[in-house]
>>> print(open('data-v5.txt').read())   # compact mmCIF, C-alpha atoms
# COMPACT_ATOMS: atom_id res chain seq x y z
CA MET A 1 -0.24 8.91 -35.24
CA THR A 2 -3.23 6.64 -34.89
CA VAL A 3 -6.30 7.36 -37.03
CA LEU A 4 -9.43 6.81 -34.94
CA ALA A 5 -12.03 7.72 -37.59
CA THR A 6 -12.33 9.28 -41.03
CA PHE A 7 -15.39 11.26 -42.06
CA ALA A 8 -16.44 12.19 -45.57
CA ARG A 9 -17.59 15.79 -45.48
CA SER A 10 -20.99 16.53 -46.97
CA TYR A 11 -22.12 20.13 -47.32
CA VAL A 12 -25.91 20.38 -47.03
CA ASP A 13 -28.40 23.23 -47.25
CA ASP A 14 -30.39 22.27 -44.14
CA LEU A 15 -29.10 19.87 -41.50
CA ASP A 16 -32.53 18.84 -40.20
CA ALA A 17 -33.79 18.19 -43.74
CA ALA A 18 -30.66 16.18 -44.62
CA LEU A 19 -30.56 13.94 -41.55
CA PRO A 20 -33.42 11.56 -42.49
CA ALA A 21 -31.64 10.52 -45.71
CA PHE A 22 -28.39 9.94 -43.81
CA ARG A 23 -30.23 7.99 -41.11
CA ALA A 24 -31.65 5.74 -43.82
CA LEU A 25 -28.27 5.45 -45.55
CA THR A 26 -26.25 4.64 -42.44
CA GLY A 27 -28.87 3.03 -40.19
CA GLU A 28 -27.57 5.28 -37.40
CA GLU A 29 -28.50 8.33 -35.39
CA PRO A 30 -26.12 11.31 -35.22
CA ARG A 31 -23.34 10.62 -32.70
CA LEU A 32 -22.39 14.27 -32.40
CA ARG A 33 -24.24 17.45 -33.22
CA PHE A 34 -22.99 20.97 -32.53
CA SER A 35 -22.59 24.48 -33.94
CA HIS A 36 -19.34 26.32 -34.53
CA ARG A 37 -18.69 29.68 -36.19
CA GLY A 38 -22.16 29.76 -37.74
CA ILE A 39 -21.96 26.20 -39.10
CA GLU A 40 -24.20 23.38 -37.88
CA LEU A 41 -22.39 20.03 -37.81
CA ALA A 42 -23.43 16.43 -37.26
CA VAL A 43 -21.51 13.16 -37.33
CA ILE A 44 -23.59 10.27 -38.60
CA GLY A 45 -22.06 7.02 -39.77
CA GLY A 46 -18.94 7.85 -41.77
CA PHE A 47 -20.15 11.36 -42.63
CA LEU A 48 -19.61 14.82 -41.21
CA LEU A 49 -22.53 16.97 -42.34
CA LEU A 50 -21.99 20.73 -42.46
CA ALA A 51 -24.80 23.24 -42.97
CA GLY A 52 -24.82 27.01 -43.00
CA PRO A 53 -25.12 30.07 -45.19
CA PRO A 54 -22.97 29.93 -48.35
CA GLU A 55 -20.72 32.75 -47.15
CA VAL A 56 -20.03 30.90 -43.87
CA LEU A 57 -19.34 27.57 -45.59
CA ALA A 58 -17.17 29.09 -48.33
CA PRO A 59 -13.90 29.05 -46.32
CA VAL A 60 -14.29 25.36 -45.36
CA ARG A 61 -15.61 23.90 -48.63
CA ALA A 62 -12.11 23.20 -49.93
CA THR A 63 -11.59 20.68 -47.12
CA HIS A 64 -12.12 17.16 -48.48
CA ALA A 65 -12.33 15.05 -45.31
CA THR A 66 -12.01 15.11 -41.54
CA VAL A 67 -9.67 12.64 -39.87
CA VAL A 68 -9.80 12.05 -36.12
CA VAL A 69 -6.37 11.21 -34.70
CA ASP A 70 -5.08 10.40 -31.23
CA ALA A 71 -2.68 13.39 -31.32
CA LEU A 72 -1.95 16.35 -33.61
CA THR A 73 1.82 16.59 -33.08
CA PRO A 74 2.61 13.56 -35.28
CA VAL A 75 0.44 15.10 -38.02
CA LEU A 76 2.56 18.25 -37.91
CA ASP A 77 5.76 16.18 -37.97
CA ARG A 78 4.58 14.18 -40.98
CA ALA A 79 3.38 17.32 -42.77
CA ALA A 80 6.83 18.89 -42.34
CA ARG A 81 8.58 15.77 -43.68
CA GLU A 82 6.24 15.63 -46.70
CA GLY A 83 6.45 19.33 -47.52
CA ALA A 84 2.75 19.81 -46.81
CA GLU A 85 1.26 23.26 -46.20
CA ILE A 86 -0.39 24.02 -42.87
CA LEU A 87 -3.50 26.02 -43.82
CA ALA A 88 -4.74 26.36 -40.23
CA PRO A 89 -2.38 25.65 -37.32
CA PRO A 90 -3.54 23.72 -34.26
CA ARG A 91 -6.32 25.57 -32.47
CA ALA A 92 -9.14 24.95 -30.02
CA ALA A 93 -12.33 23.50 -31.49
CA PRO A 94 -15.64 22.55 -29.85
CA THR A 95 -14.59 18.89 -29.94
CA GLY A 96 -10.96 19.32 -28.84
CA ARG A 97 -8.27 20.70 -31.18
CA ASN A 98 -7.89 20.72 -34.96
CA LEU A 99 -5.64 21.77 -37.80
CA VAL A 100 -5.95 21.81 -41.60
CA VAL A 101 -3.26 20.54 -43.97
CA ARG A 102 -2.89 20.74 -47.75
CA HIS A 103 -0.90 17.66 -48.69
CA PRO A 104 1.35 17.36 -51.73
CA GLY A 105 -0.97 16.59 -54.61
CA GLY A 106 -3.63 18.97 -53.31
CA ALA A 107 -5.75 17.01 -50.79
CA VAL A 108 -6.97 19.30 -48.01
CA ILE A 109 -7.62 17.40 -44.78
CA GLU A 110 -8.84 18.59 -41.40
CA TYR A 111 -7.25 16.64 -38.54
CA VAL A 112 -9.02 16.62 -35.18
CA GLU A 113 -7.83 15.47 -31.77
CA PHE A 114 -11.07 14.86 -29.86
CA ASP A 115 -11.23 15.62 -26.16
CA ALA A 116 -12.23 12.74 -23.86
CA ALA A 117 -15.94 13.69 -23.72
CA THR A 118 -16.20 13.92 -27.51
CA ARG A 119 -14.37 10.60 -27.98
CA ALA A 120 -16.87 8.95 -25.67
CA ALA A 121 -19.87 10.59 -27.39
CA ALA A 122 -18.53 9.50 -30.79
CA GLY A 123 -17.99 5.94 -29.56
CA LEU A 124 -14.23 6.03 -30.19
CA ALA A 125 -11.63 4.25 -28.09
CA PRO A 126 -10.17 6.23 -25.17
>>> encode(input="data-v5.txt", output="structure tokens")
Amino acid sequence: MTVLATFARSYVDDLDAALPAFRALTGEEPRLRFSHRGIELAVIGGFLLLAGPPEVLAPVRATHATVVVDALTPVLDRAAREGAEILAPPRAAPTGRNLVVRHPGGAVIEYVEFDAATRAAAGLAP
């Protein structure tokens, strides 16, 4: 498994209102911006911003970070070896495929395998 990027998740009330502060902080423009299941998302610098109504964000707030990997299968293999819990099995996502793992010790991480178009938009190696 190769890690291509790691994003700190930041839950915000209003994506448009939050972006200027993150532009100033990172010196960058959002590389990705999309909506999924009632949540607005943007990748800017090392952050994944998530905005939406509290009831829509509630199920994802326990996730601590998002890690982009070259493939999900090695994540599943490692999770099995470590005794990790798969909270959400691999499934289609707007950017490719993802899964969510609770690792021993309690860290909850979303792993994403970007499709080729999303990798290019995010400026990640092919």
>>> atom_distance(input="data-v5.txt", atom1="CA of Pro94 in chain A", atom2="CA of Ala8 in chain A")
18.8 Å
>>> residues_around(input="data-v5.txt", residues="Leu4 in chain A", least_positions_apart="3", cutoff="7 Å", atoms="all atoms listed in the file", output="ChimeraX atom specification")
/A:68-70,124
>>> closest_residue(input="data-v5.txt", among="A:Gly46, A:Pro104, A:Phe114, A:Val60", to="Ala84 in chain A", atoms="only C-alpha atoms")
A:Pro104
>>> atom_distance(input="data-v5.txt", atom1="CA of Ile44 in chain A", atom2="CA of Leu19 in chain A")
8.4 Å
>>> atom_distance(input="data-v5.txt", atom1="CA of Leu72 in chain A", atom2="CA of Ala93 in chain A")
12.8 Å
>>> closest_residue(input="data-v5.txt", among="A:Ala17, A:Val101, A:Leu41, A:Val3", to="Leu87 in chain A", atoms="all atoms listed in the file")
A:Val101
>>> residues_near_point(input="data-v5.txt", point="(1.6, 15.0, -33.2)", cutoff="12 Å", atoms="only C-alpha atoms", output="ChimeraX atom specification")
/A:1-3,69-80,90,97-99,111-113
>>> closest_residue(input="data-v5.txt", among="A:Arg119, A:Arg31, A:Arg91, A:His103", to="Leu48 in chain A", atoms="only C-alpha atoms")
A:Arg31
>>> closest_residue(input="data-v5.txt", among="A:Glu40, A:Phe34, A:Arg23, A:Arg102", to="Glu82 in chain A", atoms="all atoms listed in the file")
A:Arg102
>>> axis_aligned_box(input="data-v5.txt", around="range 46-59 of chain A", padding_each_side="5 Å", output="AutoDock Vina command-line options")
--center_x -19.5 --center_y 20.3 --center_z -44.8 --size_x 21.2 --size_y 34.9 --size_z 17.1
>>> closest_residue(input="data-v5.txt", among="A:Val67, A:Ala117, A:Ser35, A:Glu85", to="Gly105 in chain A", atoms="all atoms listed in the file")
A:Glu85
>>> residues_near_point(input="data-v5.txt", point="(-12.2, 17.8, -27.6)", cutoff="6 Å", atoms="all atoms listed in the file", output="ChimeraX atom specification")
/A:95-96,114-115,118
>>> write_last_selection(input="data-v5.txt", atoms="C-alpha atoms", output="PDB file, keeping the file's coordinate frame")
ATOM      1  CA  THR A  95     -14.590  18.890 -29.940  1.00  0.00           C
ATOM      2  CA  GLY A  96     -10.960  19.320 -28.840  1.00  0.00           C
ATOM      3  CA  PHE A 114     -11.070  14.860 -29.860  1.00  0.00           C
ATOM      4  CA  ASP A 115     -11.230  15.620 -26.160  1.00  0.00           C
ATOM      5  CA  THR A 118     -16.200  13.920 -27.510  1.00  0.00           C
TER       6      THR A 118
END
>>> closest_residue(input="data-v5.txt", among="A:Pro89, A:Ala116, A:Gly45, A:Pro54", to="Ala24 in chain A", atoms="all atoms listed in the file")
A:Gly45
>>> residues_around(input="data-v5.txt", residues="Ala42 in chain A", least_positions_apart="4", cutoff="6 Å", atoms="all atoms listed in the file", output="JSON list (two decimals) with C-alpha atoms, in the frame of the given file")
[["chain", "number", "residue", "atom", "x", "y", "z"],
["A", 32, "LEU", "CA", -22.39, 14.27, -32.40],
["A", 33, "ARG", "CA", -24.24, 17.45, -33.22],
["A", 48, "LEU", "CA", -19.61, 14.82, -41.21],
["A", 49, "LEU", "CA", -22.53, 16.97, -42.34]]
>>> residues_around(input="data-v5.txt", residues="Ile39 in chain A", least_positions_apart="6", cutoff="10 Å", atoms="all atoms listed in the file", output="mmCIF file with C-alpha atoms, in the frame of the given file")
data_model
loop_
_atom_site.group_PDB
_atom_site.id
_atom_site.type_symbol
_atom_site.label_atom_id
_atom_site.label_comp_id
_atom_site.auth_asym_id
_atom_site.auth_seq_id
_atom_site.Cartn_x
_atom_site.Cartn_y
_atom_site.Cartn_z
ATOM 1 C CA LEU A 15 -29.100 19.870 -41.500
ATOM 2 C CA LEU A 49 -22.530 16.970 -42.340
ATOM 3 C CA LEU A 50 -21.990 20.730 -42.460
ATOM 4 C CA ALA A 51 -24.800 23.240 -42.970
ATOM 5 C CA GLY A 52 -24.820 27.010 -43.000
ATOM 6 C CA PRO A 53 -25.120 30.070 -45.190
ATOM 7 C CA VAL A 56 -20.030 30.900 -43.870
ATOM 8 C CA LEU A 57 -19.340 27.570 -45.590
ATOM 9 C CA VAL A 60 -14.290 25.360 -45.360
#
>>> decode(input="data-v5.txt", residues="chain A", atoms="C-alpha atoms", output="PDB file, in the first residue's frame")
ATOM      1  CA  MET A   1       0.000   0.000   0.000  1.00  0.00           C
ATOM      2  CA  THR A   2       1.354   3.367  -1.007  1.00  0.00           C
ATOM      3  CA  VAL A   3      -0.025   6.460   0.724  1.00  0.00           C
ATOM      4  CA  LEU A   4      -0.460   9.238  -1.851  1.00  0.00           C
ATOM      5  CA  ALA A   5      -1.869  11.920   0.480  1.00  0.00           C
ATOM      6  CA  THR A   6      -3.247  12.383   3.972  1.00  0.00           C
ATOM      7  CA  PHE A   7      -5.915  14.971   4.743  1.00  0.00           C
ATOM      8  CA  ALA A   8      -6.884  16.311   8.145  1.00  0.00           C
ATOM      9  CA  ARG A   9     -10.654  16.477   8.250  1.00  0.00           C
ATOM     10  CA  SER A  10     -12.193  19.779   9.290  1.00  0.00           C
ATOM     11  CA  TYR A  11     -15.935  19.992   9.838  1.00  0.00           C
ATOM     12  CA  VAL A  12     -17.201  23.493   9.025  1.00  0.00           C
ATOM     13  CA  ASP A  13     -20.596  25.175   9.164  1.00  0.00           C
ATOM     14  CA  ASP A  14     -20.394  26.795   5.726  1.00  0.00           C
ATOM     15  CA  LEU A  15     -17.896  25.742   3.072  1.00  0.00           C
ATOM     16  CA  ASP A  16     -17.896  29.055   1.190  1.00  0.00           C
ATOM     17  CA  ALA A  17     -17.404  31.007   4.427  1.00  0.00           C
ATOM     18  CA  ALA A  18     -14.577  28.689   5.542  1.00  0.00           C
ATOM     19  CA  LEU A  19     -12.575  28.651   2.310  1.00  0.00           C
ATOM     20  CA  PRO A  20     -10.996  32.137   2.575  1.00  0.00           C
ATOM     21  CA  ALA A  21      -9.338  31.241   5.897  1.00  0.00           C
ATOM     22  CA  PHE A  22      -8.023  27.979   4.442  1.00  0.00           C
ATOM     23  CA  ARG A  23      -6.793  29.778   1.319  1.00  0.00           C
ATOM     24  CA  ALA A  24      -4.850  32.157   3.558  1.00  0.00           C
ATOM     25  CA  LEU A  25      -3.564  29.302   5.722  1.00  0.00           C
ATOM     26  CA  THR A  26      -2.431  27.064   2.866  1.00  0.00           C
ATOM     27  CA  GLY A  27      -1.718  29.586   0.111  1.00  0.00           C
ATOM     28  CA  GLU A  28      -3.691  27.312  -2.219  1.00  0.00           C
ATOM     29  CA  GLU A  29      -6.992  27.087  -4.022  1.00  0.00           C
ATOM     30  CA  PRO A  30      -9.235  24.035  -3.542  1.00  0.00           C
ATOM     31  CA  ARG A  31      -7.979  21.137  -5.689  1.00  0.00           C
ATOM     32  CA  LEU A  32     -11.256  19.257  -5.480  1.00  0.00           C
ATOM     33  CA  ARG A  33     -14.759  20.341  -4.621  1.00  0.00           C
ATOM     34  CA  PHE A  34     -17.844  18.142  -4.762  1.00  0.00           C
ATOM     35  CA  SER A  35     -21.029  17.105  -2.960  1.00  0.00           C
ATOM     36  CA  HIS A  36     -21.896  13.639  -1.719  1.00  0.00           C
ATOM     37  CA  ARG A  37     -24.856  12.442   0.342  1.00  0.00           C
ATOM     38  CA  GLY A  38     -25.773  15.987   1.378  1.00  0.00           C
ATOM     39  CA  ILE A  39     -22.210  16.928   2.386  1.00  0.00           C
ATOM     40  CA  GLU A  40     -20.174  19.574   0.568  1.00  0.00           C
ATOM     41  CA  LEU A  41     -16.473  18.690   0.433  1.00  0.00           C
ATOM     42  CA  ALA A  42     -13.325  20.508  -0.627  1.00  0.00           C
ATOM     43  CA  VAL A  43      -9.655  19.520  -0.607  1.00  0.00           C
ATOM     44  CA  ILE A  44      -7.357  22.454   0.045  1.00  0.00           C
ATOM     45  CA  GLY A  45      -3.758  22.013   1.095  1.00  0.00           C
ATOM     46  CA  GLY A  46      -3.605  19.166   3.597  1.00  0.00           C
ATOM     47  CA  PHE A  47      -7.246  19.573   4.619  1.00  0.00           C
ATOM     48  CA  LEU A  48     -10.512  17.942   3.652  1.00  0.00           C
ATOM     49  CA  LEU A  49     -13.301  20.360   4.557  1.00  0.00           C
ATOM     50  CA  LEU A  50     -16.765  18.906   5.133  1.00  0.00           C
ATOM     51  CA  ALA A  51     -19.904  21.031   5.479  1.00  0.00           C
ATOM     52  CA  GLY A  52     -23.531  20.095   5.886  1.00  0.00           C
ATOM     53  CA  PRO A  53     -26.423  19.970   8.308  1.00  0.00           C
ATOM     54  CA  PRO A  54     -25.528  18.486  11.720  1.00  0.00           C
ATOM     55  CA  GLU A  55     -27.704  15.416  11.151  1.00  0.00           C
ATOM     56  CA  VAL A  56     -25.940  14.681   7.833  1.00  0.00           C
ATOM     57  CA  LEU A  57     -22.445  15.167   9.285  1.00  0.00           C
ATOM     58  CA  ALA A  58     -23.168  13.164  12.456  1.00  0.00           C
ATOM     59  CA  PRO A  59     -22.378   9.727  10.944  1.00  0.00           C
ATOM     60  CA  VAL A  60     -18.984  10.875   9.578  1.00  0.00           C
ATOM     61  CA  ARG A  61     -17.740  13.057  12.454  1.00  0.00           C
ATOM     62  CA  ALA A  62     -16.058  10.117  14.169  1.00  0.00           C
ATOM     63  CA  THR A  63     -13.655   9.795  11.225  1.00  0.00           C
ATOM     64  CA  HIS A  64     -10.330  11.421  12.133  1.00  0.00           C
ATOM     65  CA  ALA A  65      -8.547  11.630   8.774  1.00  0.00           C
ATOM     66  CA  THR A  66      -8.744  10.679   5.115  1.00  0.00           C
ATOM     67  CA  VAL A  67      -5.840   8.796   3.558  1.00  0.00           C
ATOM     68  CA  VAL A  68      -5.527   8.453  -0.215  1.00  0.00           C
ATOM     69  CA  VAL A  69      -3.890   5.162  -1.193  1.00  0.00           C
ATOM     70  CA  ASP A  70      -2.972   3.559  -4.500  1.00  0.00           C
ATOM     71  CA  ALA A  71      -5.197   0.527  -3.764  1.00  0.00           C
ATOM     72  CA  LEU A  72      -7.714  -0.541  -1.108  1.00  0.00           C
ATOM     73  CA  THR A  73      -6.969  -4.281  -1.059  1.00  0.00           C
ATOM     74  CA  PRO A  74      -3.713  -3.891   0.920  1.00  0.00           C
ATOM     75  CA  VAL A  75      -5.616  -1.762   3.451  1.00  0.00           C
ATOM     76  CA  LEU A  76      -8.080  -4.604   3.970  1.00  0.00           C
ATOM     77  CA  ASP A  77      -5.232  -7.111   4.292  1.00  0.00           C
ATOM     78  CA  ARG A  78      -3.447  -4.981   6.881  1.00  0.00           C
ATOM     79  CA  ALA A  79      -6.682  -4.336   8.787  1.00  0.00           C
ATOM     80  CA  ALA A  80      -7.294  -8.094   9.020  1.00  0.00           C
ATOM     81  CA  ARG A  81      -3.747  -8.742  10.281  1.00  0.00           C
ATOM     82  CA  GLU A  82      -4.057  -5.972  12.894  1.00  0.00           C
ATOM     83  CA  GLY A  83      -7.509  -6.986  14.105  1.00  0.00           C
ATOM     84  CA  ALA A  84      -9.008  -3.696  12.921  1.00  0.00           C
ATOM     85  CA  GLU A  85     -12.758  -3.264  12.455  1.00  0.00           C
ATOM     86  CA  ILE A  86     -14.126  -2.431   9.011  1.00  0.00           C
ATOM     87  CA  LEU A  87     -16.829   0.173   9.695  1.00  0.00           C
ATOM     88  CA  ALA A  88     -17.694   0.672   6.013  1.00  0.00           C
ATOM     89  CA  PRO A  89     -16.558  -1.883   3.425  1.00  0.00           C
ATOM     90  CA  PRO A  90     -15.192  -0.795   0.043  1.00  0.00           C
ATOM     91  CA  ARG A  91     -17.820   1.078  -1.930  1.00  0.00           C
ATOM     92  CA  ALA A  92     -18.117   3.519  -4.812  1.00  0.00           C
ATOM     93  CA  ALA A  93     -17.490   7.174  -3.975  1.00  0.00           C
ATOM     94  CA  PRO A  94     -17.563  10.291  -6.175  1.00  0.00           C
ATOM     95  CA  THR A  95     -13.750  10.241  -6.297  1.00  0.00           C
ATOM     96  CA  GLY A  96     -13.263   6.485  -6.811  1.00  0.00           C
ATOM     97  CA  ARG A  97     -13.727   3.967  -3.974  1.00  0.00           C
ATOM     98  CA  ASN A  98     -13.430   4.232  -0.204  1.00  0.00           C
ATOM     99  CA  LEU A  99     -13.667   2.293   3.033  1.00  0.00           C
ATOM    100  CA  VAL A 100     -13.567   3.212   6.724  1.00  0.00           C
ATOM    101  CA  VAL A 101     -11.480   1.371   9.323  1.00  0.00           C
ATOM    102  CA  ARG A 102     -11.350   1.599  13.121  1.00  0.00           C
ATOM    103  CA  HIS A 103      -7.796   0.638  14.017  1.00  0.00           C
ATOM    104  CA  PRO A 104      -6.728  -0.922  17.307  1.00  0.00           C
ATOM    105  CA  GLY A 105      -6.442   1.971  19.734  1.00  0.00           C
ATOM    106  CA  GLY A 106      -9.520   3.680  18.300  1.00  0.00           C
ATOM    107  CA  ALA A 107      -8.347   5.776  15.320  1.00  0.00           C
ATOM    108  CA  VAL A 108     -11.041   5.892  12.638  1.00  0.00           C
ATOM    109  CA  ILE A 109      -9.584   6.457   9.167  1.00  0.00           C
ATOM    110  CA  GLU A 110     -11.249   6.747   5.784  1.00  0.00           C
ATOM    111  CA  TYR A 111      -9.116   5.252   3.002  1.00  0.00           C
ATOM    112  CA  VAL A 112      -9.772   6.391  -0.561  1.00  0.00           C
ATOM    113  CA  GLU A 113      -8.552   4.981  -3.858  1.00  0.00           C
ATOM    114  CA  PHE A 114      -8.938   7.897  -6.275  1.00  0.00           C
ATOM    115  CA  ASP A 115      -9.932   7.242  -9.860  1.00  0.00           C
ATOM    116  CA  ALA A 116      -7.568   8.540 -12.560  1.00  0.00           C
ATOM    117  CA  ALA A 117      -9.476  11.810 -13.139  1.00  0.00           C
ATOM    118  CA  THR A 118      -9.550  12.637  -9.428  1.00  0.00           C
ATOM    119  CA  ARG A 119      -5.842  11.813  -9.031  1.00  0.00           C
ATOM    120  CA  ALA A 120      -5.055  14.234 -11.834  1.00  0.00           C
ATOM    121  CA  ALA A 121      -7.331  16.958 -10.416  1.00  0.00           C
ATOM    122  CA  ALA A 122      -5.731  16.526  -6.984  1.00  0.00           C
ATOM    123  CA  GLY A 123      -2.232  16.708  -8.476  1.00  0.00           C
ATOM    124  CA  LEU A 124      -1.279  13.216  -7.301  1.00  0.00           C
ATOM    125  CA  ALA A 125       1.010  10.843  -9.170  1.00  0.00           C
ATOM    126  CA  PRO A 126      -0.680   8.460 -11.628  1.00  0.00           C
TER     127      PRO A 126
END
